[in-house]
>>> print(open('my_file_15.txt').read())   # compact mmCIF, C-alpha atoms and all ligand atoms
# COMPACT_ATOMS: atom_id res chain seq x y z
CA MET A 1 -33.93 21.45 -10.95
CA SER A 2 -32.35 20.39 -14.23
CA ILE A 3 -32.29 16.64 -14.84
CA HIS A 4 -28.63 17.09 -15.77
CA LYS A 5 -27.57 18.48 -12.38
CA LYS A 6 -24.94 16.19 -10.90
CA THR A 7 -24.47 15.82 -7.16
CA GLU A 8 -20.97 15.65 -5.65
CA VAL A 9 -19.79 12.02 -5.65
CA LYS A 10 -16.35 10.54 -6.08
CA LYS A 11 -16.16 9.57 -9.73
CA ILE A 12 -14.58 6.31 -10.84
CA THR A 13 -11.50 6.88 -12.99
CA THR A 14 -9.22 4.49 -14.83
CA HIS A 15 -6.68 5.09 -12.03
CA GLN A 16 -9.21 3.98 -9.43
CA LEU A 17 -9.88 0.80 -11.40
CA GLN A 18 -6.14 0.13 -11.28
CA GLU A 19 -6.11 0.71 -7.52
CA MET A 20 -9.07 -1.66 -7.17
CA LYS A 21 -7.09 -4.37 -8.93
CA ASN A 22 -4.02 -3.61 -6.80
CA ARG A 23 -5.96 -4.05 -3.56
CA GLY A 24 -7.94 -7.06 -4.81
CA GLU A 25 -11.33 -5.34 -4.98
CA LYS A 26 -13.45 -6.76 -7.80
CA ILE A 27 -14.80 -4.36 -10.43
CA ALA A 28 -18.53 -4.50 -11.31
CA MET A 29 -19.39 -3.51 -14.87
CA LEU A 30 -22.71 -3.63 -16.78
CA THR A 31 -23.90 -2.40 -20.12
CA ALA A 32 -26.43 0.41 -20.53
CA TYR A 33 -27.70 2.21 -23.60
CA ASP A 34 -30.20 4.80 -22.34
CA TYR A 35 -30.66 7.54 -19.75
CA SER A 36 -33.25 5.86 -17.48
CA MET A 37 -31.43 2.57 -17.03
CA ALA A 38 -28.02 4.22 -16.71
CA ARG A 39 -29.46 6.43 -13.95
CA ILE A 40 -30.68 3.40 -11.99
CA ILE A 41 -27.49 1.33 -12.30
CA ASP A 42 -25.23 4.30 -11.55
CA SER A 43 -27.19 5.07 -8.37
CA ALA A 44 -27.08 1.38 -7.47
CA GLY A 45 -23.27 1.53 -7.35
CA ILE A 46 -21.98 0.08 -10.60
CA ASP A 47 -18.29 0.91 -11.18
CA VAL A 48 -18.15 0.88 -14.98
CA ILE A 49 -20.93 1.30 -17.54
CA LEU A 50 -20.21 -0.08 -20.98
CA VAL A 51 -22.20 1.41 -23.82
CA GLY A 52 -21.65 -1.80 -25.71
CA ASP A 53 -22.26 -2.41 -29.37
CA SER A 54 -24.55 -5.15 -28.01
CA ALA A 55 -27.03 -2.26 -28.34
CA SER A 56 -27.24 -3.54 -31.91
CA ASN A 57 -28.79 -6.76 -30.57
CA VAL A 58 -30.72 -5.75 -27.47
CA MET A 59 -31.88 -2.26 -28.47
CA ALA A 60 -32.15 -2.44 -32.26
CA GLY A 61 -33.04 -6.13 -32.66
CA ASN A 62 -30.21 -6.99 -35.05
CA GLU A 63 -28.82 -10.52 -35.15
CA THR A 64 -25.21 -9.32 -34.74
CA THR A 65 -23.30 -6.27 -33.53
CA LEU A 66 -22.15 -5.44 -37.04
CA PRO A 67 -24.93 -3.12 -38.29
CA ILE A 68 -24.78 -0.48 -35.54
CA THR A 69 -23.33 2.85 -36.70
CA LEU A 70 -21.02 5.33 -35.01
CA ASP A 71 -23.85 7.92 -34.92
CA GLN A 72 -26.11 5.39 -33.18
CA MET A 73 -23.40 4.53 -30.62
CA ILE A 74 -22.88 8.24 -29.93
CA TYR A 75 -26.65 8.69 -29.44
CA HIS A 76 -26.74 5.85 -26.88
CA ALA A 77 -23.55 7.03 -25.17
CA SER A 78 -24.65 10.65 -24.80
CA SER A 79 -27.93 9.49 -23.19
CA VAL A 80 -25.97 7.35 -20.71
CA VAL A 81 -23.41 10.04 -19.89
CA LYS A 82 -26.17 12.52 -18.95
CA ALA A 83 -27.44 10.04 -16.34
CA VAL A 84 -24.16 9.12 -14.72
CA HIS A 85 -22.76 10.70 -11.55
CA ARG A 86 -20.18 8.16 -10.50
CA ALA A 87 -19.42 5.33 -12.95
CA LEU A 88 -16.73 5.34 -15.63
CA VAL A 89 -18.44 5.27 -19.04
CA VAL A 90 -16.72 3.20 -21.72
CA VAL A 91 -18.05 3.14 -25.30
CA ASP A 92 -17.52 0.47 -27.93
CA ILE A 93 -16.17 1.70 -31.26
CA PRO A 94 -18.51 -0.13 -33.62
CA PHE A 95 -17.55 -2.42 -36.47
CA GLY A 96 -16.27 -0.56 -39.52
CA TYR A 97 -15.09 2.58 -37.72
CA TYR A 98 -11.54 1.57 -36.69
CA GLN A 99 -10.42 -1.37 -38.81
CA GLY A 100 -9.61 0.74 -41.92
CA SER A 101 -6.68 2.70 -40.51
CA SER A 102 -5.36 4.16 -37.27
CA GLY A 103 -6.48 7.59 -38.51
CA GLU A 104 -10.05 6.33 -38.85
CA ALA A 105 -9.82 4.81 -35.35
CA LEU A 106 -8.63 8.13 -33.93
CA ARG A 107 -11.37 10.12 -35.71
CA SER A 108 -14.05 7.71 -34.44
CA SER A 109 -12.71 7.91 -30.88
CA ILE A 110 -12.57 11.68 -30.95
CA ARG A 111 -16.18 11.83 -32.17
CA ILE A 112 -17.26 9.49 -29.35
CA MET A 113 -15.44 11.51 -26.69
CA LYS A 114 -16.47 14.95 -28.02
CA GLU A 115 -20.09 14.22 -28.92
CA SER A 116 -21.07 11.91 -26.05
CA GLY A 117 -18.86 13.07 -23.16
CA ALA A 118 -17.82 9.46 -22.43
CA HIS A 119 -14.61 8.65 -20.56
CA ALA A 120 -13.00 5.88 -22.63
CA VAL A 121 -13.41 3.68 -25.69
CA LYS A 122 -13.21 -0.07 -26.21
CA LEU A 123 -12.27 -1.97 -29.34
CA GLU A 124 -11.90 -5.63 -30.27
CA GLY A 125 -8.69 -7.40 -31.26
CA GLY A 126 -4.98 -7.69 -30.47
CA ALA A 127 -1.93 -7.24 -32.70
CA GLU A 128 -4.12 -6.38 -35.69
CA VAL A 129 -5.41 -3.22 -33.96
CA LYS A 130 -2.11 -2.21 -32.31
CA ASP A 131 -1.57 0.90 -34.49
CA SER A 132 -5.10 2.07 -33.83
CA VAL A 133 -4.76 1.57 -30.08
CA LEU A 134 -1.50 3.54 -30.02
CA ARG A 135 -2.92 6.36 -32.14
CA ILE A 136 -6.04 6.71 -29.96
CA LEU A 137 -3.94 6.66 -26.78
CA SER A 138 -1.61 9.30 -28.22
CA ALA A 139 -4.61 11.67 -28.30
CA GLY A 140 -5.16 11.12 -24.58
CA VAL A 141 -8.18 8.85 -24.95
CA PRO A 142 -8.17 5.85 -22.57
CA VAL A 143 -8.57 2.53 -24.38
CA MET A 144 -9.94 -0.80 -23.16
CA GLY A 145 -9.11 -3.96 -25.11
CA HIS A 146 -11.42 -6.92 -25.82
CA LEU A 147 -10.13 -10.45 -26.57
CA GLY A 148 -11.52 -13.99 -26.72
CA LEU A 149 -14.96 -14.08 -28.28
CA THR A 150 -15.05 -10.84 -30.25
CA PRO A 151 -18.58 -10.58 -31.68
CA GLN A 152 -17.58 -8.15 -34.44
CA SER A 153 -15.69 -11.10 -36.01
CA ILE A 154 -18.61 -13.53 -35.79
CA TYR A 155 -18.56 -14.31 -39.50
CA LYS A 156 -14.87 -15.27 -39.22
CA PHE A 157 -15.47 -17.56 -36.20
CA GLY A 158 -18.81 -18.90 -37.45
CA THR A 159 -20.19 -19.49 -33.92
CA TYR A 160 -20.50 -17.84 -30.51
CA SER A 161 -18.84 -20.83 -28.80
CA VAL A 162 -16.01 -20.69 -26.23
CA ARG A 163 -12.75 -19.30 -27.70
CA ALA A 164 -9.08 -20.16 -27.09
CA LYS A 165 -9.61 -23.77 -26.01
CA GLU A 166 -6.71 -24.87 -28.22
CA GLU A 167 -3.12 -24.10 -27.22
CA ALA A 168 -2.26 -22.02 -30.29
CA GLU A 169 -5.25 -19.70 -29.83
CA ALA A 170 -4.62 -19.50 -26.07
CA ASN A 171 -0.97 -18.50 -26.70
CA LYS A 172 -2.03 -15.86 -29.22
CA LEU A 173 -4.57 -14.50 -26.74
CA MET A 174 -1.91 -14.23 -24.01
CA GLU A 175 0.48 -12.45 -26.42
CA ASP A 176 -2.28 -10.05 -27.50
CA ALA A 177 -3.19 -9.33 -23.87
CA GLU A 178 0.42 -8.45 -23.04
CA LEU A 179 0.68 -6.34 -26.18
CA LEU A 180 -2.45 -4.35 -25.32
CA GLN A 181 -1.05 -3.72 -21.84
CA GLU A 182 2.33 -2.61 -23.30
CA CYS A 183 0.50 -0.25 -25.67
CA GLY A 184 -1.10 1.42 -22.65
CA CYS A 185 -4.66 0.06 -22.46
CA PHE A 186 -6.14 0.72 -19.02
CA GLY A 187 -8.11 -2.52 -18.97
CA LEU A 188 -9.09 -5.58 -20.91
CA VAL A 189 -12.34 -7.51 -21.43
CA LEU A 190 -12.03 -11.28 -21.87
CA GLU A 191 -15.15 -12.86 -23.34
CA LYS A 192 -16.09 -16.54 -23.22
CA ILE A 193 -12.73 -18.26 -22.72
CA PRO A 194 -11.69 -21.08 -20.35
CA ALA A 195 -11.51 -19.92 -16.72
CA GLU A 196 -7.95 -21.26 -16.33
CA LEU A 197 -6.69 -19.15 -19.23
CA ALA A 198 -8.49 -16.05 -17.94
CA LYS A 199 -6.88 -16.62 -14.53
CA LYS A 200 -3.42 -16.78 -16.13
CA VAL A 201 -4.02 -13.59 -18.13
CA SER A 202 -5.32 -11.72 -15.11
CA SER A 203 -2.39 -12.72 -12.91
CA LYS A 204 0.19 -11.97 -15.61
CA LEU A 205 -1.22 -8.55 -16.46
CA SER A 206 -0.97 -5.63 -14.07
CA ILE A 207 -4.00 -3.83 -15.63
CA PRO A 208 -7.58 -4.83 -14.65
CA VAL A 209 -9.04 -7.77 -16.58
CA ILE A 210 -12.85 -7.90 -16.73
CA GLY A 211 -14.49 -11.19 -17.65
CA ILE A 212 -17.76 -12.24 -19.27
CA GLY A 213 -17.95 -16.01 -19.33
CA ALA A 214 -14.30 -16.10 -18.23
CA GLY A 215 -14.70 -17.52 -14.71
CA PRO A 216 -14.13 -16.02 -11.26
CA ASP A 217 -10.36 -15.44 -11.23
CA VAL A 218 -10.31 -12.12 -13.06
CA ASP A 219 -10.45 -8.59 -11.67
CA GLY A 220 -14.09 -7.91 -12.41
CA GLN A 221 -17.20 -9.05 -14.23
CA VAL A 222 -19.37 -7.58 -16.97
CA LEU A 223 -22.82 -8.66 -18.13
CA VAL A 224 -25.29 -7.27 -20.63
CA MET A 225 -27.93 -5.58 -18.47
CA GLN A 226 -30.94 -6.88 -20.40
CA ASP A 227 -29.63 -10.43 -19.91
CA MET A 228 -28.95 -10.20 -16.16
CA LEU A 229 -32.32 -8.50 -15.56
CA GLY A 230 -34.13 -11.29 -17.41
CA ILE A 231 -35.52 -9.05 -20.15
CA THR A 232 -33.99 -11.24 -22.88
CA HIS A 233 -35.51 -14.66 -22.11
CA GLU A 234 -34.20 -16.59 -25.10
CA PHE A 235 -30.47 -16.03 -24.41
CA LYS A 236 -29.29 -18.63 -21.88
CA PRO A 237 -25.51 -19.13 -21.90
CA ARG A 238 -23.99 -21.02 -18.94
CA PHE A 239 -22.15 -17.94 -17.67
CA LEU A 240 -25.29 -15.83 -17.33
CA ARG A 241 -26.77 -15.37 -13.86
CA ARG A 242 -30.22 -13.78 -13.92
CA TYR A 243 -30.79 -11.38 -11.04
CA ALA A 244 -34.40 -10.61 -11.92
CA ASP A 245 -37.18 -11.75 -14.22
CA LEU A 246 -38.21 -8.40 -15.63
CA ASN A 247 -39.73 -10.05 -18.68
CA SER A 248 -42.40 -11.61 -16.43
CA VAL A 249 -42.74 -8.46 -14.31
CA ILE A 250 -43.28 -6.26 -17.38
CA THR A 251 -45.61 -8.77 -19.04
CA GLY A 252 -47.70 -8.98 -15.85
CA ALA A 253 -47.88 -5.20 -15.53
CA VAL A 254 -48.86 -4.71 -19.18
CA ASN A 255 -51.49 -7.49 -18.99
CA GLN A 256 -53.00 -5.78 -15.96
CA TYR A 257 -52.96 -2.37 -17.67
CA VAL A 258 -54.66 -3.73 -20.80
CA SER A 259 -57.29 -5.39 -18.65
CA ASP A 260 -57.84 -2.22 -16.55
CA VAL A 261 -58.21 -0.03 -19.65
CA LYS A 262 -60.62 -2.44 -21.33
CA SER A 263 -62.73 -2.88 -18.18
CA LYS A 264 -62.72 0.93 -17.64
CA ASP A 265 -61.15 0.39 -14.21
CA PHE A 266 -58.37 2.81 -15.27
CA PRO A 267 -58.44 5.75 -14.83
CA SER A 268 -60.45 5.95 -11.62
CA GLN A 269 -62.15 9.04 -10.15
CA ASP A 270 -58.91 9.79 -8.26
CA GLU A 271 -56.81 9.55 -11.41
CA LYS A 272 -58.44 12.41 -13.31
CA TYR A 273 -58.38 16.24 -13.16
O1 LIG B 301 -21.02 -4.99 -26.44
C1 LIG B 301 -20.98 -5.54 -25.33
O2 LIG B 301 -21.97 -5.61 -24.59
C2 LIG B 301 -19.70 -6.10 -24.89
C3 LIG B 301 -19.73 -6.93 -23.66
C4 LIG B 301 -20.28 -8.26 -23.96
C5 LIG B 301 -18.38 -7.02 -23.03
O3 LIG B 301 -18.72 -5.89 -25.52
>>> encode(input="my_file_15.txt", output="structure tokens", more="lines below")
Ligand code: KIV
Amino acid sequence: MSIHKKTEVKKITTHQLQEMKNRGEKIAMLTAYDYSMARIIDSAGIDVILVGDSASNVMAGNETTLPITLDQMIYHASSVVKAVHRALVVVDIPFGYYQGSSGEALRSSIRIMKESGAHAVKLEGGAEVKDSVLRILSAGVPVMGHLGLTPQSIYKFGTYSVRAKEEAEANKLMEDAELLQECGCFGLVLEKIPAELAKKVSSKLSIPVIGIGAGPDVDGQVLVMQDMLGITHEFKPRFLRRYADLNSVITGAVNQYVSDVKSKDFPSQDEKY
């Protein structure tokens, strides 16, 4: 049987996400960047998989999300799409591939959709990316917005601290959220903002609002998979709940393997041909 054969399951669509918000069912979203992990989290029932540009940090070891290229995002996304039977796959348009013009944004989105088979794209920003959002949507590509802490602008902010604590920034965020909804975005990610503000945005908007470090009163949650599985030990923000300690599990397994190889315990008589 081909590894690409997909069994019949009801696929998550942007319309279903909207229905989930309408009936008050929370949306569970995680990042993934490769076939094996995407396969596991899709089978485990995740609703949305984000091929985030956080791949730049957790897969490539860069300090920021800025260096990752469109080709690299497409490589990660196409690996994820091959694994997925049910989840909606959203792909970040990386830094430098949509800010130049709406035409550039459209070309980048079309490459992502055509070459990876993903279902939607995500980009960071509000009013400043309005033309790009409209142009991408006009080609029939679903768009997810991303406001609050937008890591592609880290050198403008200077830190990864909580955003929109001051009234002016909170007002701008609310205006941008409404604008993205008016443009036709199917959803919005809010990153690292006060829970009260996230609650207001989520209740004002009719589209699903997914939070990361935005408190409980939004329509769903997203985490970076390597963080929630405890693979990245050094990253410890308050909002992160670790559901496993894979760093210790993997370290223990590798220690044991090294010891078994060196002591000639592995392979045994039963483990050879
Ligand atoms: O790239 C990413 O992983 C993201 C999430 C943090 C929302 O954008």
>>> closest_residue(input="my_file_15.txt", among="A:Ala214, A:Ala253, A:Val258, A:Leu179", to="ligand LIG 301 (chain B)", atoms="only C-alpha atoms and all ligand atoms")
A:Ala214
>>> residues_near_ligand(input="my_file_15.txt", ligand="ligand LIG 301 (chain B)", cutoff="6 Å", atoms="all atoms listed in the file", output="list in words")
Thr31, Gly52, Asp53, Ser54 and Val224 of chain A
>>> residues_around(input="my_file_15.txt", residues="segment 127-135 of chain A", least_positions_apart="5", cutoff="8 Å", atoms="only C-alpha atoms", output="PyMOL selection string")
chain A and resi 98-99+101-103+105-106+143+176+179-180+183-185
>>> atom_distance(input="my_file_15.txt", atom1="atom CA of Asn57 of chain A", atom2="atom CA of Leu229 of chain A")
15.5 Å
>>> atom_distance(input="my_file_15.txt", atom1="atom CA of Thr232 of chain A", atom2="atom CA of Val249 of chain A")
12.6 Å
>>> closest_residue(input="my_file_15.txt", among="A:Leu30, A:Ile110, A:Val201, A:Val254", to="Asp227 of chain A", atoms="only C-alpha atoms")
A:Leu30
>>> residues_near_point(input="my_file_15.txt", point="(-15.2, -0.5, -33.9)", cutoff="10 Å", atoms="only C-alpha atoms", output="JSON, numbers by chain")
{"A": [53, 65, 66, 68, 69, 70, 91, 92, 93, 94, 95, 96, 97, 98, 99, 100, 104, 105, 108, 109, 121, 122, 123, 124, 125, 152]}
